[in-house]
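Trainee: Handing over entry.pdb, PDB, C-alpha atoms, pLDDT in the B column.
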```
ATOM      1  CA  MET K   7     174.295 362.397 207.694  1.00 94.00           C
ATOM      2  CA  LEU K   8     176.323 359.215 207.217  1.00 96.00           C
ATOM      3  CA  VAL K   9     174.328 356.014 207.765  1.00 97.00           C
ATOM      4  CA  VAL K  10     176.196 352.732 208.285  1.00 98.00           C
ATOM      5  CA  SER K  11     174.674 349.238 208.153  1.00 98.00           C
ATOM      6  CA  ASN K  12     175.942 345.658 208.076  1.00 97.00           C
ATOM      7  CA  PRO K  13     173.576 343.524 205.968  1.00 97.00           C
ATOM      8  CA  HIS K  14     176.071 340.627 206.048  1.00 97.00           C
ATOM      9  CA  PRO K  15     179.102 339.908 208.282  1.00 97.00           C
ATOM     10  CA  GLU K  16     181.486 340.635 205.382  1.00 97.00           C
ATOM     11  CA  ILE K  17     179.614 343.632 203.935  1.00 98.00           C
ATOM     12  CA  THR K  18     179.342 347.168 205.333  1.00 98.00           C
ATOM     13  CA  VAL K  19     177.144 349.749 203.593  1.00 98.00           C
ATOM     14  CA  TYR K  20     177.750 353.494 203.987  1.00 98.00           C
ATOM     15  CA  ASP K  21     175.050 355.878 202.754  1.00 98.00           C
ATOM     16  CA  ASN K  22     175.353 359.655 202.340  1.00 97.00           C
ATOM     17  CA  VAL K  23     179.147 359.453 202.324  1.00 98.00           C
ATOM     18  CA  PHE K  24     179.762 362.901 200.790  1.00 97.00           C
ATOM     19  CA  ASN K  25     177.877 366.167 200.767  1.00 96.00           C
ATOM     20  CA  TRP K  26     175.871 366.905 197.621  1.00 94.00           C
ATOM     21  CA  ASP K  27     178.428 369.278 196.059  1.00 95.00           C
ATOM     22  CA  LEU K  28     181.335 366.875 196.534  1.00 96.00           C
ATOM     23  CA  ASN K  29     179.340 363.934 195.145  1.00 95.00           C
ATOM     24  CA  LYS K  30     178.412 366.100 192.136  1.00 95.00           C
ATOM     25  CA  SER K  31     182.071 367.032 191.637  1.00 94.00           C
ATOM     26  CA  ILE K  32     183.162 363.375 191.713  1.00 95.00           C
ATOM     27  CA  MET K  33     180.432 362.568 189.169  1.00 94.00           C
ATOM     28  CA  LEU K  34     181.700 365.351 186.899  1.00 93.00           C
ATOM     29  CA  ASN K  35     185.261 364.000 187.204  1.00 92.00           C
ATOM     30  CA  CYS K  36     184.011 360.527 186.209  1.00 92.00           C
ATOM     31  CA  THR K  37     182.708 361.978 182.946  1.00 91.00           C
ATOM     32  CA  LYS K  38     186.172 363.365 182.141  1.00 89.00           C
ATOM     33  CA  VAL K  39     188.532 360.447 182.856  1.00 86.00           C
ATOM     34  CA  PRO K  40     189.998 358.540 179.891  1.00 83.00           C
ATOM     35  CA  TYR K  41     188.135 355.257 179.406  1.00 76.00           C
ATOM     36  CA  PHE K  42     189.468 352.109 177.780  1.00 80.00           C
ATOM     37  CA  ILE K  43     187.562 349.186 176.285  1.00 76.00           C
ATOM     38  CA  GLY K  44     188.258 345.765 177.705  1.00 64.00           C
ATOM     39  CA  TRP K  45     189.036 344.516 181.143  1.00 54.00           C
ATOM     40  CA  GLN K  46     192.414 344.388 182.822  1.00 48.00           C
ATOM     41  CA  ASP K  47     193.561 346.255 179.720  1.00 38.00           C
ATOM     42  CA  SER K  48     192.819 343.365 177.371  1.00 39.00           C
ATOM     43  CA  PHE K  49     189.984 343.037 174.913  1.00 42.00           C
ATOM     44  CA  ASN K  50     187.521 340.193 175.426  1.00 46.00           C
ATOM     45  CA  GLU K  51     184.427 340.531 173.244  1.00 49.00           C
ATOM     46  CA  GLU K  52     182.211 338.866 175.831  1.00 53.00           C
ATOM     47  CA  GLU K  53     183.306 341.253 178.574  1.00 55.00           C
ATOM     48  CA  SER K  54     184.399 344.525 177.034  1.00 59.00           C
ATOM     49  CA  PHE K  55     183.641 347.319 179.459  1.00 68.00           C
ATOM     50  CA  LEU K  56     184.561 350.971 179.613  1.00 80.00           C
ATOM     51  CA  HIS K  57     186.914 351.535 182.510  1.00 80.00           C
ATOM     52  CA  SER K  58     189.762 353.717 183.699  1.00 87.00           C
ATOM     53  CA  ARG K  59     192.448 352.397 186.043  1.00 90.00           C
ATOM     54  CA  ILE K  60     194.328 354.215 188.747  1.00 93.00           C
ATOM     55  CA  THR K  61     197.303 352.003 189.543  1.00 93.00           C
ATOM     56  CA  LYS K  62     199.097 351.488 192.845  1.00 95.00           C
ATOM     57  CA  ASP K  63     201.929 353.683 191.558  1.00 95.00           C
ATOM     58  CA  MET K  64     199.505 356.462 190.705  1.00 94.00           C
ATOM     59  CA  TRP K  65     198.001 356.227 194.199  1.00 95.00           C
ATOM     60  CA  LEU K  66     201.409 356.416 195.843  1.00 93.00           C
ATOM     61  CA  ASN K  67     202.406 359.445 193.739  1.00 94.00           C
ATOM     62  CA  ARG K  68     199.012 361.154 193.614  1.00 93.00           C
ATOM     63  CA  THR K  69     200.153 364.339 195.333  1.00 93.00           C
ATOM     64  CA  LYS K  70     202.359 365.116 192.312  1.00 95.00           C
ATOM     65  CA  ASP K  71     199.275 365.315 190.054  1.00 93.00           C
ATOM     66  CA  LYS K  72     196.775 367.886 191.312  1.00 92.00           C
ATOM     67  CA  SER K  73     193.802 366.638 189.280  1.00 90.00           C
ATOM     68  CA  LEU K  74     194.420 363.022 190.342  1.00 92.00           C
ATOM     69  CA  ASN K  75     194.887 364.067 193.958  1.00 92.00           C
ATOM     70  CA  ASP K  76     191.669 366.131 193.827  1.00 91.00           C
ATOM     71  CA  PHE K  77     189.868 363.043 192.520  1.00 91.00           C
ATOM     72  CA  LEU K  78     191.319 360.575 195.078  1.00 95.00           C
ATOM     73  CA  GLU K  79     191.470 362.768 198.191  1.00 95.00           C
ATOM     74  CA  PRO K  80     187.718 362.571 198.935  1.00 96.00           C
ATOM     75  CA  LEU K  81     187.878 358.781 198.731  1.00 97.00           C
ATOM     76  CA  ILE K  82     190.888 358.269 201.004  1.00 96.00           C
ATOM     77  CA  THR K  83     189.520 360.695 203.622  1.00 96.00           C
ATOM     78  CA  SER K  84     186.019 359.151 203.656  1.00 97.00           C
ATOM     79  CA  GLU K  85     184.747 356.982 206.501  1.00 97.00           C
ATOM     80  CA  PRO K  86     184.945 353.661 204.573  1.00 97.00           C
ATOM     81  CA  PHE K  87     188.671 354.288 203.932  1.00 97.00           C
ATOM     82  CA  LYS K  88     189.493 355.467 207.481  1.00 94.00           C
ATOM     83  CA  ASP K  89     191.684 352.498 208.396  1.00 94.00           C
ATOM     84  CA  ILE K  90     193.186 351.835 204.951  1.00 94.00           C
ATOM     85  CA  ASN K  91     196.938 351.964 204.559  1.00 93.00           C
ATOM     86  CA  GLU K  92     197.466 353.612 201.134  1.00 91.00           C
ATOM     87  CA  SER K  93     200.389 351.314 200.401  1.00 93.00           C
ATOM     88  CA  LYS K  94     197.937 348.373 200.485  1.00 96.00           C
ATOM     89  CA  ILE K  95     195.786 349.841 197.681  1.00 97.00           C
ATOM     90  CA  VAL K  96     196.247 347.643 194.614  1.00 96.00           C
ATOM     91  CA  GLN K  97     194.268 349.846 192.209  1.00 96.00           C
ATOM     92  CA  THR K  98     191.116 351.852 191.706  1.00 96.00           C
ATOM     93  CA  VAL K  99     188.879 351.283 188.702  1.00 93.00           C
ATOM     94  CA  VAL K 100     186.356 353.836 187.460  1.00 94.00           C
ATOM     95  CA  ASN K 101     183.649 351.883 185.626  1.00 92.00           C
ATOM     96  CA  CYS K 102     181.316 353.371 183.042  1.00 91.00           C
ATOM     97  CA  ASP K 103     178.607 350.775 182.412  1.00 90.00           C
ATOM     98  CA  THR K 104     176.038 351.141 179.663  1.00 87.00           C
ATOM     99  CA  THR K 105     172.683 349.488 178.985  1.00 85.00           C
ATOM    100  CA  TYR K 106     174.556 346.786 177.052  1.00 80.00           C
ATOM    101  CA  ASP K 107     176.713 345.687 179.993  1.00 77.00           C
ATOM    102  CA  THR K 108     176.073 342.623 182.121  1.00 73.00           C
ATOM    103  CA  HIS K 109     178.814 341.343 184.383  1.00 78.00           C
ATOM    104  CA  THR K 110     179.446 337.721 185.270  1.00 84.00           C
ATOM    105  CA  VAL K 111     179.937 336.477 188.813  1.00 90.00           C
ATOM    106  CA  HIS K 112     183.496 336.931 190.015  1.00 91.00           C
ATOM    107  CA  THR K 113     185.715 337.399 193.065  1.00 94.00           C
ATOM    108  CA  HIS K 114     188.830 339.366 193.971  1.00 94.00           C
ATOM    109  CA  ASN K 115     191.117 336.939 195.774  1.00 94.00           C
ATOM    110  CA  ASN K 116     193.112 338.227 198.748  1.00 96.00           C
ATOM    111  CA  GLN K 117     191.532 341.676 198.429  1.00 97.00           C
ATOM    112  CA  ASP K 118     188.938 343.807 200.113  1.00 97.00           C
ATOM    113  CA  VAL K 119     186.869 346.102 197.930  1.00 98.00           C
ATOM    114  CA  ILE K 120     185.296 349.516 198.444  1.00 98.00           C
ATOM    115  CA  LEU K 121     182.632 350.163 195.809  1.00 98.00           C
ATOM    116  CA  TYR K 122     181.211 353.668 195.356  1.00 98.00           C
ATOM    117  CA  TYR K 123     177.998 354.436 193.442  1.00 98.00           C
ATOM    118  CA  VAL K 124     178.675 357.800 191.818  1.00 97.00           C
ATOM    119  CA  ASN K 125     175.582 358.882 189.816  1.00 96.00           C
ATOM    120  CA  ASN K 126     173.727 361.770 191.470  1.00 95.00           C
ATOM    121  CA  GLU K 127     170.277 360.454 190.593  1.00 96.00           C
ATOM    122  CA  TRP K 128     169.014 356.905 190.309  1.00 97.00           C
ATOM    123  CA  LYS K 129     165.415 355.676 190.325  1.00 96.00           C
ATOM    124  CA  ASP K 130     163.873 352.330 191.088  1.00 93.00           C
ATOM    125  CA  GLY K 131     163.731 350.255 187.902  1.00 94.00           C
ATOM    126  CA  TRP K 132     166.909 351.707 186.400  1.00 96.00           C
ATOM    127  CA  GLY K 133     168.973 348.616 187.274  1.00 94.00           C
ATOM    128  CA  GLY K 134     172.593 348.897 188.365  1.00 94.00           C
ATOM    129  CA  GLU K 135     172.266 346.576 191.367  1.00 95.00           C
ATOM    130  CA  THR K 136     175.154 344.683 192.934  1.00 96.00           C
ATOM    131  CA  PHE K 137     174.424 341.069 193.840  1.00 97.00           C
ATOM    132  CA  PHE K 138     176.378 339.103 196.429  1.00 98.00           C
ATOM    133  CA  TYR K 139     176.149 335.306 196.330  1.00 97.00           C
ATOM    134  CA  ASP K 140     176.877 332.276 198.462  1.00 96.00           C
ATOM    135  CA  SER K 141     180.266 330.624 197.966  1.00 93.00           C
ATOM    136  CA  HIS K 142     178.887 328.569 195.040  1.00 92.00           C
ATOM    137  CA  GLY K 143     177.588 331.629 193.164  1.00 92.00           C
ATOM    138  CA  LYS K 144     174.046 330.221 193.149  1.00 94.00           C
ATOM    139  CA  GLU K 145     172.013 331.871 195.920  1.00 96.00           C
ATOM    140  CA  ILE K 146     171.891 335.636 196.433  1.00 97.00           C
ATOM    141  CA  ILE K 147     172.787 336.542 200.014  1.00 97.00           C
ATOM    142  CA  TYR K 148     172.471 340.325 199.613  1.00 98.00           C
ATOM    143  CA  THR K 149     171.440 342.759 196.885  1.00 98.00           C
ATOM    144  CA  SER K 150     172.432 346.410 196.993  1.00 98.00           C
ATOM    145  CA  ALA K 151     170.249 348.711 194.936  1.00 97.00           C
ATOM    146  CA  TYR K 152     172.302 351.282 193.061  1.00 97.00           C
ATOM    147  CA  THR K 153     171.942 354.155 195.515  1.00 97.00           C
ATOM    148  CA  PRO K 154     173.669 357.473 194.778  1.00 97.00           C
ATOM    149  CA  ASN K 155     176.439 358.410 197.210  1.00 97.00           C
ATOM    150  CA  ARG K 156     176.669 354.891 198.655  1.00 98.00           C
ATOM    151  CA  MET K 157     179.882 352.998 199.383  1.00 98.00           C
ATOM    152  CA  ILE K 158     180.004 349.290 200.054  1.00 98.00           C
ATOM    153  CA  ARG K 159     183.049 347.807 201.724  1.00 98.00           C
ATOM    154  CA  PHE K 160     183.239 344.051 201.351  1.00 98.00           C
ATOM    155  CA  ASN K 161     185.437 340.990 201.330  1.00 97.00           C
ATOM    156  CA  GLY K 162     186.477 340.619 197.689  1.00 96.00           C
ATOM    157  CA  GLU K 163     186.345 336.857 198.037  1.00 96.00           C
ATOM    158  CA  LEU K 164     182.555 337.063 198.207  1.00 97.00           C
ATOM    159  CA  VAL K 165     181.117 336.000 194.862  1.00 96.00           C
ATOM    160  CA  HIS K 166     179.416 339.034 193.305  1.00 96.00           C
ATOM    161  CA  ARG K 167     178.327 340.743 190.090  1.00 93.00           C
ATOM    162  CA  PHE K 168     176.567 343.927 189.041  1.00 91.00           C
ATOM    163  CA  ASN K 169     174.165 345.065 186.376  1.00 88.00           C
ATOM    164  CA  GLY K 170     174.445 347.960 183.986  1.00 86.00           C
ATOM    165  CA  PRO K 171     171.597 350.482 183.756  1.00 91.00           C
ATOM    166  CA  SER K 172     168.265 349.531 182.192  1.00 92.00           C
ATOM    167  CA  ARG K 173     167.086 351.201 178.990  1.00 92.00           C
ATOM    168  CA  THR K 174     164.734 353.385 181.052  1.00 93.00           C
ATOM    169  CA  GLY K 175     167.601 354.862 183.078  1.00 88.00           C
ATOM    170  CA  PRO K 176     170.628 357.028 182.290  1.00 89.00           C
ATOM    171  CA  LYS K 177     172.985 355.911 179.529  1.00 90.00           C
ATOM    172  CA  PHE K 178     175.832 355.480 182.011  1.00 91.00           C
ATOM    173  CA  ARG K 179     176.197 353.894 185.449  1.00 94.00           C
ATOM    174  CA  PHE K 180     179.386 355.189 187.078  1.00 95.00           C
ATOM    175  CA  SER K 181     181.058 353.371 189.923  1.00 96.00           C
ATOM    176  CA  ILE K 182     184.476 353.501 191.515  1.00 97.00           C
ATOM    177  CA  SER K 183     185.974 350.295 192.895  1.00 96.00           C
ATOM    178  CA  THR K 184     189.084 350.355 195.041  1.00 98.00           C
ATOM    179  CA  PHE K 185     190.905 347.077 195.650  1.00 97.00           C
ATOM    180  CA  ILE K 186     192.910 346.695 198.853  1.00 98.00           C
ATOM    181  CA  GLU K 187     195.426 343.940 199.545  1.00 96.00           C
ATOM    182  CA  LYS K 188     194.372 341.958 202.604  1.00 93.00           C
ATOM    183  CA  GLU K 189     196.666 341.972 205.584  1.00 78.00           C
ATOM    184  CA  THR K 190     198.700 338.746 205.753  1.00 71.00           C
ATOM    185  CA  GLN K 191     198.523 336.880 208.989  1.00 58.00           C
TER     186      GLN K 191
END
```
As structure tokens, how would this structure be written, given the file I've shared?
Mentor:
Amino acid sequence: MLVVSNPHPEITVYDNVFNWDLNKSIMLNCTKVPYFIGWQDSFNEEESFLHSRITKDMWLNRTKDKSLNDFLEPLITSEPFKDINESKIVQTVVNCDTTYDTHTVHTHNNQDVILYYVNNEWKDGWGGETFFYDSHGKEIIYTSAYTPNRMIRFNGELVHRFNGPSRTGPKFRFSISTFIEKETQ
């Protein structure tokens, strides 16, 4: 059963988004996508992560590619996406973080973000948390434990960062982040 909470005015947490079989299928798909080293398709030794990008164009033409459509359809039909206009999706990034990955604080200007924790199993002490900070990036205002089958919808202008898995956990922490252009006023 879907559980929705609002730990902060600009953060909504959705737990149990998909049934077990669908979550497992999405996890399997994450192990098969082509990953690239770097970020924003450039190599920076200090921040070189494994990721796969689904561009705006790919989103808009997803029905022409069955495997891509099968991958994206559960996302776009889920509760956190219910009021999203597909033409406002900027991109989706599938992240594959390892025990060596630590992310710096950052924002996504003029975007909302829907973050999905994909791994089917995750135990306390395995890391993978997402931290949200005050506007100065100093004080933590909310921490989300990496919880399988959780989506977090948040204002991308909130300062945030996430951890890779600890050495005691799985080798890979999979997440899917979808970036949505904010409505202009």
Trainee: Would you kindly return, as a PyMOL selection string, each protein, DNA or RNA residue with an atom no farther than 9 Å from any atom of stretch 122-137 of chain K, considering all atoms listed in the file and excluding same-chain residues fewer than 4 positions away?
Mentor: chain K and resi 26+29-30+32-33+36+103+111+146-159+165-176+178-184
Trainee: In Å, how far is it from atom CA of K:Lys88 to atom CA of K:Asn35?
Mentor: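 Atom CA of K:Asn35 lies 22.4 Å from atom CA of K:Lys88.
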Trainee: Rounded to one decimal, what separation in Å do you get between atom CA of K:His112 and atom CA of K:Ile90?
Mentor: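 Between atom CA of K:His112 and atom CA of K:Ile90 the gap works out to 23.2 Å.
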Trainee: Which residue is closest to K:Ile60? Choose from K:Gln97, K:Asn161, K:Ser11, K:Ser141 and count only C-alpha atoms.
Mentor: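 Distance minimum relative to K:Ile60 lands on K:Gln97.
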Trainee: Just checking: using all atoms listed in the file, which residue out of K:Leu81, K:Leu34, K:Val39, K:Leu28 ends up closest to K:His57?
Mentor: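 Result for the nearest residue to K:His57: K:Val39.
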Trainee: Quick one: of K:Asp63, K:Glu163, K:Asp76, K:Asp89, who's nearest to K:His114, counting all atoms listed in the file?
Mentor: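 Checking each candidate against K:His114, we get K:Glu163 as the closest.
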Trainee: Record the distance separating atom CA of K:Lys177 and atom CA of K:Ile43, expressed in Å with one decimal.
Mentor: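 Computed distance, atom CA of K:Lys177 to atom CA of K:Ile43, equals 16.4 Å.
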Trainee: Give as a list in words the residues that the PyMOL selection byres ((chain K and resi 160) around 9) matches when applied to the coordinates above.
Mentor: Glu16, Ile17, Thr18, Val19, Asp118, Val119, Ile120, Leu121, Ile158, Arg159, Asn161, Gly162, Glu163 and Leu164 of chain K
Trainee: Please provide as number ranges by chain all residues within 12 Å of K:Ser93, with the sequence filter that same-chain residues fewer than 6 positions apart are discarded (counting only C-alpha atoms).
Mentor: K: 61-67, 82, 185-189
Trainee: Which of these residues is nearest to K:Ile95, using all atoms listed in the file: K:Pro13, K:Gly143, K:Pro40, K:Asn116?
Mentor: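 Using all atoms listed in the file, K:Ile95 sits closest to K:Asn116.
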Trainee: Take stretch 24-45 of chain K, bring it up to N, CA and C atoms, and give me the output as a compact mmCIF listing (two decimals), keeping the file's coordinate frame.
Mentor:
```txt
# COMPACT_ATOMS: atom_id res chain seq x y z
N PHE K 24 179.28 361.55 201.07
CA PHE K 24 179.76 362.90 200.79
C PHE K 24 178.61 363.89 200.78
N ASN K 25 178.93 365.17 200.93
CA ASN K 25 177.88 366.17 200.77
C ASN K 25 177.53 366.25 199.28
N TRP K 26 176.40 366.87 198.99
CA TRP K 26 175.87 366.90 197.62
C TRP K 26 176.86 367.51 196.63
N ASP K 27 177.50 368.61 196.98
CA ASP K 27 178.43 369.28 196.06
C ASP K 27 179.65 368.41 195.75
N LEU K 28 180.17 367.73 196.75
CA LEU K 28 181.34 366.88 196.53
C LEU K 28 180.95 365.67 195.67
N ASN K 29 179.80 365.07 195.96
CA ASN K 29 179.34 363.93 195.14
C ASN K 29 179.16 364.37 193.69
N LYS K 30 178.61 365.56 193.48
CA LYS K 30 178.41 366.10 192.14
C LYS K 30 179.76 366.32 191.43
N SER K 31 180.74 366.80 192.18
CA SER K 31 182.07 367.03 191.64
C SER K 31 182.74 365.72 191.23
N ILE K 32 182.59 364.68 192.04
CA ILE K 32 183.16 363.38 191.71
C ILE K 32 182.49 362.83 190.46
N MET K 33 181.17 363.00 190.36
CA MET K 33 180.43 362.57 189.17
C MET K 33 180.97 363.28 187.92
N LEU K 34 181.18 364.58 188.03
CA LEU K 34 181.70 365.35 186.90
C LEU K 34 183.09 364.83 186.50
N ASN K 35 183.93 364.55 187.49
CA ASN K 35 185.26 364.00 187.20
C ASN K 35 185.17 362.65 186.50
N CYS K 36 184.18 361.84 186.86
CA CYS K 36 184.01 360.53 186.21
C CYS K 36 183.66 360.68 184.73
N THR K 37 183.04 361.77 184.36
CA THR K 37 182.71 361.98 182.95
C THR K 37 183.92 362.45 182.14
N LYS K 38 185.00 362.81 182.82
CA LYS K 38 186.17 363.36 182.14
C LYS K 38 187.38 362.43 182.10
N VAL K 39 187.35 361.33 182.85
CA VAL K 39 188.53 360.45 182.86
C VAL K 39 188.64 359.70 181.53
N PRO K 40 189.84 359.31 181.14
CA PRO K 40 190.00 358.54 179.89
C PRO K 40 189.57 357.09 180.10
N TYR K 41 188.63 356.63 179.30
CA TYR K 41 188.14 355.26 179.41
C TYR K 41 188.76 354.38 178.34
N PHE K 42 188.93 353.11 178.69
CA PHE K 42 189.47 352.11 177.78
C PHE K 42 188.46 350.99 177.65
N ILE K 43 188.45 350.32 176.51
CA ILE K 43 187.56 349.19 176.28
C ILE K 43 188.32 347.92 176.65
N GLY K 44 187.65 347.03 177.33
CA GLY K 44 188.26 345.76 177.70
C GLY K 44 188.20 345.60 179.20
N TRP K 45 188.95 344.70 179.70
CA TRP K 45 189.04 344.52 181.14
C TRP K 45 190.45 344.10 181.45
```
